[in-house]
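Student: What follows is my_file14.cif, mmCIF, C-alpha atoms.
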```
data_final
loop_
_atom_site.group_PDB
_atom_site.id
_atom_site.type_symbol
_atom_site.label_atom_id
_atom_site.label_comp_id
_atom_site.auth_asym_id
_atom_site.auth_seq_id
_atom_site.Cartn_x
_atom_site.Cartn_y
_atom_site.Cartn_z
ATOM 1 C CA MET A 1 -2.781 40.570 -18.838
ATOM 2 C CA ALA A 2 -5.463 38.368 -17.310
ATOM 3 C CA ASP A 3 -4.500 34.926 -16.049
ATOM 4 C CA PRO A 4 -5.767 32.460 -18.710
ATOM 5 C CA LEU A 5 -5.916 29.613 -16.188
ATOM 6 C CA ASP A 6 -8.786 28.918 -13.852
ATOM 7 C CA ALA A 7 -8.150 27.697 -10.314
ATOM 8 C CA TYR A 8 -8.415 24.019 -11.255
ATOM 9 C CA SER A 9 -5.953 24.387 -14.104
ATOM 10 C CA ARG A 10 -3.501 26.277 -11.916
ATOM 11 C CA VAL A 11 -3.464 23.468 -9.367
ATOM 12 C CA VAL A 12 -2.982 20.734 -11.975
ATOM 13 C CA SER A 13 -0.293 22.652 -13.828
ATOM 14 C CA SER A 14 1.614 23.409 -10.620
ATOM 15 C CA VAL A 15 1.553 19.743 -9.585
ATOM 16 C CA ALA A 16 2.719 18.776 -13.059
ATOM 17 C CA ALA A 17 5.587 21.265 -12.953
ATOM 18 C CA GLU A 18 6.681 19.926 -9.579
ATOM 19 C CA LEU A 19 6.456 16.197 -10.321
ATOM 20 C CA LEU A 20 7.190 15.750 -14.022
ATOM 21 C CA PRO A 21 10.972 15.986 -13.537
ATOM 22 C CA LYS A 22 10.799 13.464 -10.683
ATOM 23 C CA VAL A 23 8.880 10.697 -12.472
ATOM 24 C CA ALA A 24 10.871 8.506 -14.842
ATOM 25 C CA GLY A 25 10.108 5.911 -17.455
ATOM 26 C CA VAL A 26 11.608 2.507 -16.672
ATOM 27 C CA ARG A 27 12.277 -0.616 -18.697
ATOM 28 C CA ALA A 28 13.174 -3.978 -17.203
ATOM 29 C CA GLY A 29 13.190 -7.069 -19.396
ATOM 30 C CA ARG A 30 9.879 -7.095 -21.219
ATOM 31 C CA GLY A 31 8.245 -4.832 -18.677
ATOM 32 C CA SER A 32 7.954 -1.075 -18.702
ATOM 33 C CA GLY A 33 6.288 1.565 -16.611
ATOM 34 C CA SER A 34 7.061 4.533 -14.412
ATOM 35 C CA ALA A 35 8.947 5.228 -11.184
ATOM 36 C CA VAL A 36 9.108 8.075 -8.692
ATOM 37 C CA VAL A 37 12.310 9.493 -7.174
ATOM 38 C CA PHE A 38 11.819 9.540 -3.402
ATOM 39 C CA THR A 39 15.332 9.981 -1.950
ATOM 40 C CA ALA A 40 18.179 12.345 -2.730
ATOM 41 C CA ASP A 41 20.580 9.452 -3.349
ATOM 42 C CA GLY A 42 18.801 7.876 -6.289
ATOM 43 C CA PHE A 43 16.166 5.519 -4.907
ATOM 44 C CA LEU A 44 12.942 5.285 -6.917
ATOM 45 C CA LEU A 45 9.627 3.651 -6.093
ATOM 46 C CA THR A 46 7.691 1.640 -8.656
ATOM 47 C CA ASN A 47 5.453 -1.435 -8.945
ATOM 48 C CA ALA A 48 6.769 -4.942 -8.428
ATOM 49 C CA HIS A 49 4.957 -6.036 -11.578
ATOM 50 C CA VAL A 50 6.829 -3.397 -13.589
ATOM 51 C CA VAL A 51 10.266 -4.847 -12.794
ATOM 52 C CA GLY A 52 9.053 -8.458 -12.628
ATOM 53 C CA SER A 53 11.941 -10.830 -11.953
ATOM 54 C CA SER A 54 14.551 -8.529 -13.517
ATOM 55 C CA ARG A 55 17.576 -7.467 -11.505
ATOM 56 C CA ALA A 56 18.298 -4.339 -13.530
ATOM 57 C CA GLY A 57 16.995 -2.121 -16.300
ATOM 58 C CA THR A 58 17.093 1.382 -17.718
ATOM 59 C CA VAL A 59 15.592 4.603 -16.459
ATOM 60 C CA ALA A 60 14.866 7.781 -18.443
ATOM 61 C CA PHE A 61 13.837 11.210 -17.171
ATOM 62 C CA GLY A 62 11.939 13.945 -18.950
ATOM 63 C CA ASP A 63 15.023 16.124 -19.344
ATOM 64 C CA GLY A 64 16.678 13.471 -21.490
ATOM 65 C CA THR A 65 18.858 12.010 -18.732
ATOM 66 C CA SER A 66 18.976 8.230 -18.871
ATOM 67 C CA GLY A 67 20.993 5.381 -17.433
ATOM 68 C CA ASP A 68 20.868 2.014 -15.757
ATOM 69 C CA PHE A 69 19.202 1.005 -12.522
ATOM 70 C CA VAL A 70 19.439 -1.987 -10.213
ATOM 71 C CA VAL A 71 16.522 -3.544 -8.382
ATOM 72 C CA VAL A 72 17.054 -3.061 -4.650
ATOM 73 C CA GLY A 73 14.020 -5.050 -3.581
ATOM 74 C CA ARG A 74 10.553 -6.072 -4.647
ATOM 75 C CA ASP A 75 7.424 -7.166 -2.808
ATOM 76 C CA PRO A 76 4.751 -8.693 -5.049
ATOM 77 C CA LEU A 77 2.289 -8.883 -2.138
ATOM 78 C CA SER A 78 2.118 -5.081 -2.014
ATOM 79 C CA ASP A 79 3.032 -4.604 -5.703
ATOM 80 C CA LEU A 80 5.869 -2.301 -4.664
ATOM 81 C CA ALA A 81 9.516 -2.298 -5.681
ATOM 82 C CA VAL A 82 12.485 -0.070 -4.938
ATOM 83 C CA ILE A 83 15.107 0.535 -7.606
ATOM 84 C CA ARG A 84 18.274 2.630 -7.543
ATOM 85 C CA ALA A 85 19.415 4.685 -10.492
ATOM 86 C CA GLN A 86 23.074 4.469 -11.468
ATOM 87 C CA THR A 87 22.941 8.019 -12.779
ATOM 88 C CA ALA A 88 22.193 11.448 -11.327
ATOM 89 C CA THR A 89 18.551 11.927 -10.359
ATOM 90 C CA PRO A 90 16.382 15.009 -9.763
ATOM 91 C CA GLU A 91 15.380 16.190 -6.305
ATOM 92 C CA PRO A 92 13.017 13.679 -4.663
ATOM 93 C CA ALA A 93 9.258 13.979 -4.601
ATOM 94 C CA VAL A 94 7.564 14.550 -1.255
ATOM 95 C CA LEU A 95 5.691 11.509 0.047
ATOM 96 C CA GLY A 96 2.274 12.298 1.510
ATOM 97 C CA ASP A 97 -0.250 10.379 3.605
ATOM 98 C CA SER A 98 -3.155 8.639 1.898
ATOM 99 C CA ASP A 99 -4.996 8.362 5.228
ATOM 100 C CA GLU A 100 -5.807 12.060 4.887
ATOM 101 C CA LEU A 101 -7.587 11.675 1.531
ATOM 102 C CA VAL A 102 -11.332 12.151 1.184
ATOM 103 C CA VAL A 103 -13.667 11.058 -1.589
ATOM 104 C CA GLY A 104 -14.048 13.812 -4.179
ATOM 105 C CA GLN A 105 -10.586 15.253 -3.576
ATOM 106 C CA LEU A 106 -8.547 16.341 -6.588
ATOM 107 C CA VAL A 107 -5.670 14.033 -7.516
ATOM 108 C CA VAL A 108 -3.145 14.162 -10.355
ATOM 109 C CA ALA A 109 -1.552 11.128 -12.019
ATOM 110 C CA VAL A 110 1.932 11.533 -13.469
ATOM 111 C CA GLY A 111 3.651 8.821 -15.479
ATOM 112 C CA THR A 112 4.807 7.549 -18.849
ATOM 113 C CA PRO A 113 1.756 5.793 -20.313
ATOM 114 C CA LEU A 114 2.141 4.047 -23.658
ATOM 115 C CA GLY A 115 5.782 5.172 -23.729
ATOM 116 C CA LEU A 116 4.783 8.845 -23.734
ATOM 117 C CA ALA A 117 7.109 10.526 -21.253
ATOM 118 C CA GLY A 118 5.790 13.233 -18.983
ATOM 119 C CA SER A 119 2.055 12.584 -19.222
ATOM 120 C CA VAL A 120 -0.347 14.133 -16.732
ATOM 121 C CA THR A 121 -4.009 13.388 -16.082
ATOM 122 C CA ALA A 122 -6.278 14.676 -13.338
ATOM 123 C CA GLY A 123 -9.420 13.504 -11.621
ATOM 124 C CA VAL A 124 -10.823 12.910 -8.190
ATOM 125 C CA VAL A 125 -10.631 10.249 -5.527
ATOM 126 C CA SER A 126 -13.596 8.097 -6.519
ATOM 127 C CA GLY A 127 -13.395 5.678 -3.617
ATOM 128 C CA LEU A 128 -11.329 4.712 -0.604
ATOM 129 C CA GLY A 129 -10.968 1.492 1.354
ATOM 130 C CA ARG A 130 -10.987 -0.688 -1.758
ATOM 131 C CA SER A 131 -9.063 -3.964 -1.737
ATOM 132 C CA LEU A 132 -6.834 -5.274 -4.524
ATOM 133 C CA PRO A 133 -5.609 -8.894 -4.546
ATOM 134 C CA ALA A 134 -1.868 -9.359 -5.046
ATOM 135 C CA ARG A 135 -0.192 -12.714 -5.557
ATOM 136 C CA SER A 136 3.270 -14.154 -4.924
ATOM 137 C CA GLY A 137 3.487 -17.868 -5.709
ATOM 138 C CA SER A 138 0.665 -19.552 -3.824
ATOM 139 C CA ASN A 139 0.223 -16.606 -1.457
ATOM 140 C CA VAL A 140 -2.552 -14.118 -2.091
ATOM 141 C CA ARG A 141 -2.801 -10.926 -0.051
ATOM 142 C CA LEU A 142 -5.266 -8.080 -0.230
ATOM 143 C CA ILE A 143 -3.656 -4.675 -0.625
ATOM 144 C CA GLU A 144 -5.940 -2.730 1.684
ATOM 145 C CA ASP A 145 -7.171 0.856 1.399
ATOM 146 C CA VAL A 146 -6.389 1.028 -2.316
ATOM 147 C CA ILE A 147 -7.206 4.423 -3.792
ATOM 148 C CA GLN A 148 -9.753 4.465 -6.613
ATOM 149 C CA THR A 149 -9.581 7.406 -9.013
ATOM 150 C CA ASP A 150 -11.153 8.451 -12.291
ATOM 151 C CA ALA A 151 -7.892 10.085 -13.436
ATOM 152 C CA ALA A 152 -7.138 8.384 -16.750
ATOM 153 C CA LEU A 153 -4.543 5.615 -16.396
ATOM 154 C CA ASN A 154 -3.059 3.634 -19.263
ATOM 155 C CA PRO A 155 -0.394 0.935 -19.667
ATOM 156 C CA GLY A 156 2.877 2.507 -18.566
ATOM 157 C CA ASN A 157 1.270 4.574 -15.793
ATOM 158 C CA SER A 158 2.044 1.705 -13.421
ATOM 159 C CA GLY A 159 4.639 2.796 -10.890
ATOM 160 C CA GLY A 160 3.927 6.477 -11.464
ATOM 161 C CA ALA A 161 2.776 9.037 -8.938
ATOM 162 C CA LEU A 162 -0.729 9.814 -7.760
ATOM 163 C CA ALA A 163 -0.447 13.192 -6.067
ATOM 164 C CA ASP A 164 -2.636 15.594 -4.133
ATOM 165 C CA SER A 165 -3.005 19.295 -4.883
ATOM 166 C CA GLN A 166 0.211 20.027 -2.959
ATOM 167 C CA ALA A 167 2.195 17.659 -5.217
ATOM 168 C CA ARG A 168 2.612 15.177 -2.374
ATOM 169 C CA VAL A 169 2.687 11.568 -3.579
ATOM 170 C CA VAL A 170 -0.260 9.838 -1.912
ATOM 171 C CA GLY A 171 -0.236 6.682 -4.027
ATOM 172 C CA ILE A 172 1.639 4.643 -6.596
ATOM 173 C CA ASN A 173 -0.537 3.897 -9.619
ATOM 174 C CA THR A 174 -0.869 0.167 -10.058
ATOM 175 C CA ALA A 175 -3.827 -0.931 -12.161
ATOM 176 C CA VAL A 176 -6.587 -0.032 -14.558
ATOM 177 C CA ALA A 177 -9.730 -1.753 -13.312
ATOM 178 C CA GLY A 178 -12.000 -0.557 -16.087
ATOM 179 C CA ILE A 179 -13.041 2.498 -18.063
ATOM 180 C CA GLY A 180 -12.668 5.469 -15.755
ATOM 181 C CA VAL A 181 -11.424 3.350 -12.865
ATOM 182 C CA GLY A 182 -7.767 3.506 -11.855
ATOM 183 C CA LEU A 183 -6.258 2.075 -8.689
ATOM 184 C CA ALA A 184 -3.214 3.140 -6.686
ATOM 185 C CA VAL A 185 -1.301 1.560 -3.810
ATOM 186 C CA PRO A 186 -1.764 3.953 -0.868
ATOM 187 C CA MET A 187 1.122 5.819 0.711
ATOM 188 C CA ASN A 188 0.568 5.183 4.413
ATOM 189 C CA SER A 189 2.403 3.839 7.449
ATOM 190 C CA THR A 190 2.196 0.246 6.229
ATOM 191 C CA THR A 191 3.610 1.215 2.829
ATOM 192 C CA ARG A 192 6.441 3.132 4.471
ATOM 193 C CA ALA A 193 7.341 0.059 6.540
ATOM 194 C CA ILE A 194 7.447 -2.013 3.343
ATOM 195 C CA ILE A 195 9.674 0.546 1.595
ATOM 196 C CA ALA A 196 12.062 0.635 4.563
ATOM 197 C CA ALA A 197 12.292 -3.172 4.578
ATOM 198 C CA LEU A 198 12.981 -3.274 0.842
ATOM 199 C CA ILE A 199 15.826 -0.770 1.181
ATOM 200 C CA ARG A 200 17.258 -2.530 4.235
ATOM 201 C CA ASP A 201 16.780 -6.201 3.325
ATOM 202 C CA GLY A 202 15.719 -6.332 -0.312
ATOM 203 C CA ARG A 203 12.528 -8.150 0.680
ATOM 204 C CA VAL A 204 9.711 -8.045 3.185
ATOM 205 C CA ARG A 205 9.471 -10.745 5.844
ATOM 206 C CA ARG A 206 5.850 -11.157 6.834
ATOM 207 C CA ALA A 207 4.189 -12.842 9.741
ATOM 208 C CA PHE A 208 1.341 -15.261 9.017
ATOM 209 C CA LEU A 209 -1.641 -15.467 11.362
ATOM 210 C CA GLY A 210 -4.168 -17.355 9.258
ATOM 211 C CA LEU A 211 -7.252 -15.163 9.421
ATOM 212 C CA VAL A 212 -9.596 -14.050 6.667
ATOM 213 C CA THR A 213 -11.510 -11.030 7.936
ATOM 214 C CA SER A 214 -13.872 -8.279 6.900
ATOM 215 C CA PRO A 215 -14.572 -4.904 8.562
ATOM 216 C CA ALA A 216 -17.622 -4.826 10.820
ATOM 217 C CA PRO A 217 -19.287 -2.126 12.949
ATOM 218 C CA LEU A 218 -19.460 -2.655 16.695
ATOM 219 C CA PRO A 219 -22.730 -2.832 18.643
ATOM 220 C CA GLU A 220 -23.436 0.321 20.628
ATOM 221 C CA HIS A 221 -22.607 -1.233 24.009
ATOM 222 C CA LEU A 222 -19.208 -2.342 22.703
ATOM 223 C CA ARG A 223 -18.536 1.088 21.251
ATOM 224 C CA ARG A 224 -19.098 2.614 24.677
ATOM 225 C CA ARG A 225 -16.949 -0.033 26.347
ATOM 226 C CA THR A 226 -14.012 0.005 23.931
ATOM 227 C CA GLY A 227 -14.130 3.526 22.532
ATOM 228 C CA GLN A 228 -13.842 2.205 18.951
ATOM 229 C CA ASP A 229 -16.464 2.103 16.219
ATOM 230 C CA GLY A 230 -15.362 -0.920 14.234
ATOM 231 C CA ALA A 231 -13.539 -4.216 14.371
ATOM 232 C CA LEU A 232 -12.712 -7.151 12.116
ATOM 233 C CA ARG A 233 -15.091 -10.074 11.827
ATOM 234 C CA VAL A 234 -13.380 -13.412 11.290
ATOM 235 C CA VAL A 235 -14.744 -14.916 8.076
ATOM 236 C CA GLU A 236 -12.429 -17.912 7.992
ATOM 237 C CA VAL A 237 -9.643 -19.431 10.068
ATOM 238 C CA VAL A 238 -7.000 -21.306 8.069
ATOM 239 C CA PRO A 239 -6.761 -24.881 9.410
ATOM 240 C CA GLY A 240 -3.506 -25.559 11.242
ATOM 241 C CA SER A 241 -2.587 -21.866 11.292
ATOM 242 C CA PRO A 242 -1.437 -19.911 14.368
ATOM 243 C CA ALA A 243 -4.945 -18.418 14.627
ATOM 244 C CA HIS A 244 -6.461 -21.904 14.559
ATOM 245 C CA ARG A 245 -4.074 -23.165 17.241
ATOM 246 C CA ALA A 246 -4.909 -20.122 19.377
ATOM 247 C CA GLY A 247 -8.597 -21.024 19.281
ATOM 248 C CA LEU A 248 -9.922 -18.234 17.107
ATOM 249 C CA ARG A 249 -13.193 -19.042 15.340
ATOM 250 C CA GLY A 250 -15.290 -17.867 12.445
ATOM 251 C CA GLY A 251 -17.680 -15.154 13.611
ATOM 252 C CA ASP A 252 -15.323 -13.738 16.233
ATOM 253 C CA LEU A 253 -15.014 -9.955 16.302
ATOM 254 C CA VAL A 254 -11.334 -9.030 16.621
ATOM 255 C CA LEU A 255 -11.160 -5.950 18.852
ATOM 256 C CA SER A 256 -7.433 -5.695 19.506
ATOM 257 C CA ALA A 257 -4.133 -7.353 18.642
ATOM 258 C CA GLY A 258 -0.847 -6.733 20.375
ATOM 259 C CA ARG A 259 -2.875 -4.577 22.789
ATOM 260 C CA ASN A 260 -3.623 -2.163 19.932
ATOM 261 C CA PRO A 261 -7.186 -1.497 18.721
ATOM 262 C CA VAL A 262 -8.106 -3.242 15.486
ATOM 263 C CA ALA A 263 -10.582 -1.159 13.516
ATOM 264 C CA ASP A 264 -9.711 -2.180 9.950
ATOM 265 C CA ALA A 265 -7.583 -4.645 8.001
ATOM 266 C CA GLN A 266 -4.617 -2.271 7.924
ATOM 267 C CA SER A 267 -4.581 -2.211 11.748
ATOM 268 C CA LEU A 268 -3.859 -5.941 11.720
ATOM 269 C CA GLN A 269 -1.660 -6.045 8.623
ATOM 270 C CA ARG A 270 0.719 -3.397 9.955
ATOM 271 C CA LEU A 271 1.506 -5.815 12.796
ATOM 272 C CA MET A 272 2.285 -8.701 10.451
ATOM 273 C CA PHE A 273 5.921 -7.950 9.722
ATOM 274 C CA ALA A 274 9.217 -9.495 10.818
ATOM 275 C CA ASP A 275 9.013 -8.343 14.446
ATOM 276 C CA ALA A 276 5.885 -10.431 15.023
ATOM 277 C CA ILE A 277 7.334 -13.740 13.792
ATOM 278 C CA GLY A 278 7.614 -16.286 16.595
ATOM 279 C CA ARG A 279 6.458 -13.875 19.289
ATOM 280 C CA PRO A 280 3.299 -14.168 21.425
ATOM 281 C CA LEU A 281 0.560 -11.902 20.104
ATOM 282 C CA PRO A 282 -2.307 -11.220 22.524
ATOM 283 C CA ILE A 283 -5.641 -10.944 20.720
ATOM 284 C CA THR A 284 -8.987 -9.907 22.204
ATOM 285 C CA VAL A 285 -12.191 -10.943 20.460
ATOM 286 C CA TYR A 286 -15.886 -10.581 21.159
ATOM 287 C CA ARG A 287 -17.630 -13.954 21.043
ATOM 288 C CA ASN A 288 -21.132 -14.972 22.130
ATOM 289 C CA GLY A 289 -21.617 -11.863 24.251
ATOM 290 C CA ALA A 290 -18.274 -12.055 26.037
ATOM 291 C CA LEU A 291 -14.733 -10.764 25.617
ATOM 292 C CA VAL A 292 -12.246 -13.572 25.043
ATOM 293 C CA ASP A 293 -8.454 -13.247 25.247
ATOM 294 C CA VAL A 294 -6.190 -15.592 23.305
ATOM 295 C CA ILE A 295 -2.466 -15.742 22.558
ATOM 296 C CA ALA A 296 -1.346 -16.517 19.001
ATOM 297 C CA GLU A 297 2.224 -16.926 17.795
ATOM 298 C CA PRO A 298 2.551 -15.873 14.138
ATOM 299 C CA VAL A 299 4.941 -17.793 11.910
ATOM 300 C CA GLU A 300 6.839 -16.551 8.890
ATOM 301 C CA LEU A 301 4.851 -16.412 5.678
ATOM 302 C CA THR A 302 6.460 -18.781 3.220
ATOM 303 C CA GLY A 303 5.793 -19.862 -0.338
ATOM 304 C CA SER A 304 3.237 -22.378 0.892
ATOM 305 C CA GLY A 305 1.397 -19.734 2.900
ATOM 306 C CA VAL A 306 1.846 -21.573 6.231
#
```
Produce C-alpha cells that represent the structure in this file.

Tutor:
Amino acid sequence: MADPLDAYSRVVSSVAAELLPKVAGVRAGRGSGSAVVFTADGFLLTNAHVVGSSRAGTVAFGDGTSGDFVVVGRDPLSDLAVIRAQTATPEPAVLGDSDELVVGQLVVAVGTPLGLAGSVTAGVVSGLGRSLPARSGSNVRLIEDVIQTDAALNPGNSGGALADSQARVVGINTAVAGIGVGLAVPMNSTTRAIIAALIRDGRVRRAFLGLVTSPAPLPEHLRRRTGQDGALRVVEVVPGSPAHRAGLRGGDLVLSAGRNPVADAQSLQRLMFADAIGRPLPITVYRNGALVDVIAEPVELTGSGV
C-alpha cells in the first residue's frame, strides 16, 4: 500500500509523535498554558507569565496523567520558569540550539492552546534576531534573538515547545504578535544559563552595566584588524551606571567585553550574570578613530534597575 503521507507530513507527524507526550497543560492560579518536560526527574520548562506569582499548580499530560507541580524558579526578564511535577513524567524532550536555525526552516509548535490538549501546528522560521521586551517591576530587558514563526499560536500555547524537524526543542513559545506572527524564546547558551540558575537558586541574579545598544556593522579596516564583522553601538548610557562611571559614551562601538568579542546583544548579555557582579570588566570600544580601553564594574540588577 502506498504511503499516504508526503515528506512534509511525515516530518510533522513524526515530531508530533515524539513531543506530544512530553508537553503538558499547566494551570497556576488564573493562568494556564503549556510546559515541556526537559529532565528525567520531573522538571518542566514554561513561561514566567504562565505561572505568574503562583507557587504551585496542576499539570496534565496527554495520556491522562495529572498531578500537582511546584514552581522551582521564575525569571520574568527572560519569560522563563522552571516547575517540577509531583507525579511521574514522560521521558524528557531533547533541547536543541536555536543558533543553528535559518529563515525558512520548518518548525513545529506543540502545546495546549485554548485548553485543547495535544495540539500541533507547523510553519517556518519567519525571522531571526527579533527582540521582545520583558518587564519585571521597573526593569525592562530585551529578550534577544527571539524566533519569529508563522506556525499558528493561540492562548495556551505559551510555554509549549517550538521544535525543529528532528523534534529538538529550539524555542519556548511565548507570544502571539499578530495574525500569522508567533514568537518563541530561543534555546541557546544564554537560555541554558538561565535554566541552570533557576534550578540551582530559584532566580537569576543579573549584573547591570547601564548600556542601551544596537547591532552595527564594522568598517572594513576594523573588520581586518579585529576579525569580526559586527559590534554594538552605544545608543544611550544610563546616568550614574557602571558604564557611565567607566567613561563609556553614546556613539561608542563596543568591540569586546571581558576580552571576548562582542558581535551582538547576546554576546554582552551572556556576560551579565552573577559572576560579573562587582568584578572588573574590561571593555574595548572604537571611538573617534581610535581604540579605547575602559574598566567597568557591573552591579547587581535590582528592582530600581541600578

Student: Applying 8 Å and all atoms listed in the file, which residues near range 178-190 of chain A remain after dropping the ones on its own chain fewer than 2 positions away? List them as a PyMOL selection string.

Tutor: chain A and resi 78-79+95-99+143+145-153+162+169-176+192-194+266+269-270

Student: Give me a file of those residues, with C-alpha atoms, as an mmCIF file, keeping the file's coordinate frame.

Tutor:
```cif
data_model
loop_
_atom_site.group_PDB
_atom_site.id
_atom_site.type_symbol
_atom_site.label_atom_id
_atom_site.label_comp_id
_atom_site.auth_asym_id
_atom_site.auth_seq_id
_atom_site.Cartn_x
_atom_site.Cartn_y
_atom_site.Cartn_z
ATOM 1 C CA SER A 78 2.118 -5.081 -2.014
ATOM 2 C CA ASP A 79 3.032 -4.604 -5.703
ATOM 3 C CA LEU A 95 5.691 11.509 0.047
ATOM 4 C CA GLY A 96 2.274 12.298 1.510
ATOM 5 C CA ASP A 97 -0.250 10.379 3.605
ATOM 6 C CA SER A 98 -3.155 8.639 1.898
ATOM 7 C CA ASP A 99 -4.996 8.362 5.228
ATOM 8 C CA ILE A 143 -3.656 -4.675 -0.625
ATOM 9 C CA ASP A 145 -7.171 0.856 1.399
ATOM 10 C CA VAL A 146 -6.389 1.028 -2.316
ATOM 11 C CA ILE A 147 -7.206 4.423 -3.792
ATOM 12 C CA GLN A 148 -9.753 4.465 -6.613
ATOM 13 C CA THR A 149 -9.581 7.406 -9.013
ATOM 14 C CA ASP A 150 -11.153 8.451 -12.291
ATOM 15 C CA ALA A 151 -7.892 10.085 -13.436
ATOM 16 C CA ALA A 152 -7.138 8.384 -16.750
ATOM 17 C CA LEU A 153 -4.543 5.615 -16.396
ATOM 18 C CA LEU A 162 -0.729 9.814 -7.760
ATOM 19 C CA VAL A 169 2.687 11.568 -3.579
ATOM 20 C CA VAL A 170 -0.260 9.838 -1.912
ATOM 21 C CA GLY A 171 -0.236 6.682 -4.027
ATOM 22 C CA ILE A 172 1.639 4.643 -6.596
ATOM 23 C CA ASN A 173 -0.537 3.897 -9.619
ATOM 24 C CA THR A 174 -0.869 0.167 -10.058
ATOM 25 C CA ALA A 175 -3.827 -0.931 -12.161
ATOM 26 C CA VAL A 176 -6.587 -0.032 -14.558
ATOM 27 C CA ARG A 192 6.441 3.132 4.471
ATOM 28 C CA ALA A 193 7.341 0.059 6.540
ATOM 29 C CA ILE A 194 7.447 -2.013 3.343
ATOM 30 C CA GLN A 266 -4.617 -2.271 7.924
ATOM 31 C CA GLN A 269 -1.660 -6.045 8.623
ATOM 32 C CA ARG A 270 0.719 -3.397 9.955
#
```

Student: Would you kindly translate the PyMOL selection byres ((chain A and resi 199-209) around 9) into the concrete residues it picks from this file, as JSON, numbers by chain?

Tutor: {"A": [43, 71, 72, 73, 74, 75, 82, 83, 194, 195, 196, 197, 198, 210, 211, 238, 241, 242, 243, 244, 271, 272, 273, 274, 275, 276, 277, 278, 296, 297, 298, 299, 300, 301, 302, 305, 306]}

Student: Go through the shown structure with the PyMOL selection byres ((chain A and resi 254) around 10) and write out the matching residues as a ChimeraX atom specification.

Tutor: /A:213,215-216,230-234,248,251-253,255-257,261-264,268,283-287,291-292

Student: Can you work out the spacing between CA of Arg30 in chain A and CA of Gly67 in chain A in Å, to one decimal?

Tutor: 17.1 Å

Student: Rounded to one decimal place, report the CA of Ala93 in chain A-CA of Val37 in chain A distance in Å.

Tutor: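 CA of Ala93 in chain A sits 6.0 Å away from CA of Val37 in chain A.
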
Student: Please work out which residues fall within 12 Å of (-23.7, -5.2, 24.0), coordinates as given in the file, with all atoms listed in the file counting, and return them as a list in words.

Tutor: Leu218, Pro219, Glu220, His221, Leu222, Arg223, Arg224, Arg225, Thr226, Tyr286, Arg287, Asn288, Gly289, Ala290 and Leu291 of chain A

Student: Keeping only C-alpha atoms, write those residues as a compact mmCIF listing (two decimals), in the frame of the given file.

Tutor:
```txt
# COMPACT_ATOMS: atom_id res chain seq x y z
CA LEU A 218 -19.46 -2.66 16.70
CA PRO A 219 -22.73 -2.83 18.64
CA GLU A 220 -23.44 0.32 20.63
CA HIS A 221 -22.61 -1.23 24.01
CA LEU A 222 -19.21 -2.34 22.70
CA ARG A 223 -18.54 1.09 21.25
CA ARG A 224 -19.10 2.61 24.68
CA ARG A 225 -16.95 -0.03 26.35
CA THR A 226 -14.01 0.00 23.93
CA TYR A 286 -15.89 -10.58 21.16
CA ARG A 287 -17.63 -13.95 21.04
CA ASN A 288 -21.13 -14.97 22.13
CA GLY A 289 -21.62 -11.86 24.25
CA ALA A 290 -18.27 -12.06 26.04
CA LEU A 291 -14.73 -10.76 25.62
```

Student: Selection in question (the file shown): the PyMOL selection byres ((chain A and resi 44) around 9). Which residues does it include, as a list of chain:residue names?

Tutor: A:Val23, A:Ala24, A:Ala35, A:Val36, A:Val37, A:Phe38, A:Thr39, A:Gly42, A:Phe43, A:Leu45, A:Thr46, A:Ala81, A:Val82, A:Ile83, A:Arg84, A:Ala85, A:Pro92

Student: Would you work out the distance separating CA of Gly62 in chain A from CA of Pro76 in chain A, expressed in Å to one decimal?

Tutor: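 Taking CA of Gly62 in chain A as the start and CA of Pro76 in chain A as the end point, the length is 27.5 Å.
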
Student: Restricting the calculation to all atoms listed in the file, which member of A:Asp293, A:Asp164, A:Asp229, A:Asp6 is positioned closest to Val110 in chain A?

Tutor: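 Closest candidate: A:Asp164.
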
Student: Using only C-alpha atoms, which protein or nucleic acid residues come within 6 Å of Ile295 in chain A? Drop anything in the same chain fewer than 3 positions from it, and give the result as a list in words.

Tutor: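 My list of contacting residues is Ala246, Leu281 and Pro282 of chain A.
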
Student: Got a sec to check which residues sit within 12 Å of (15.0, -7.8, -20.7), counting all atoms listed in the file, and write them as a list of chain:residue names?

Tutor: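 Protein and nucleic acid residues near the point are A:Val26, A:Arg27, A:Ala28, A:Gly29, A:Arg30, A:Gly31, A:Ser32, A:Val50, A:Val51, A:Gly52, A:Ser53, A:Ser54, A:Arg55, A:Ala56, A:Gly57, A:Thr58.
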
Student: Name the closest residue to Gln166 in chain A among the candidates A:Gln105, A:Ser267, A:Ser131, A:Thr89; distances are taken between atoms, counting all atoms listed in the file.

Tutor: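 Among the listed residues, the smallest separation from Gln166 in chain A belongs to A:Gln105.
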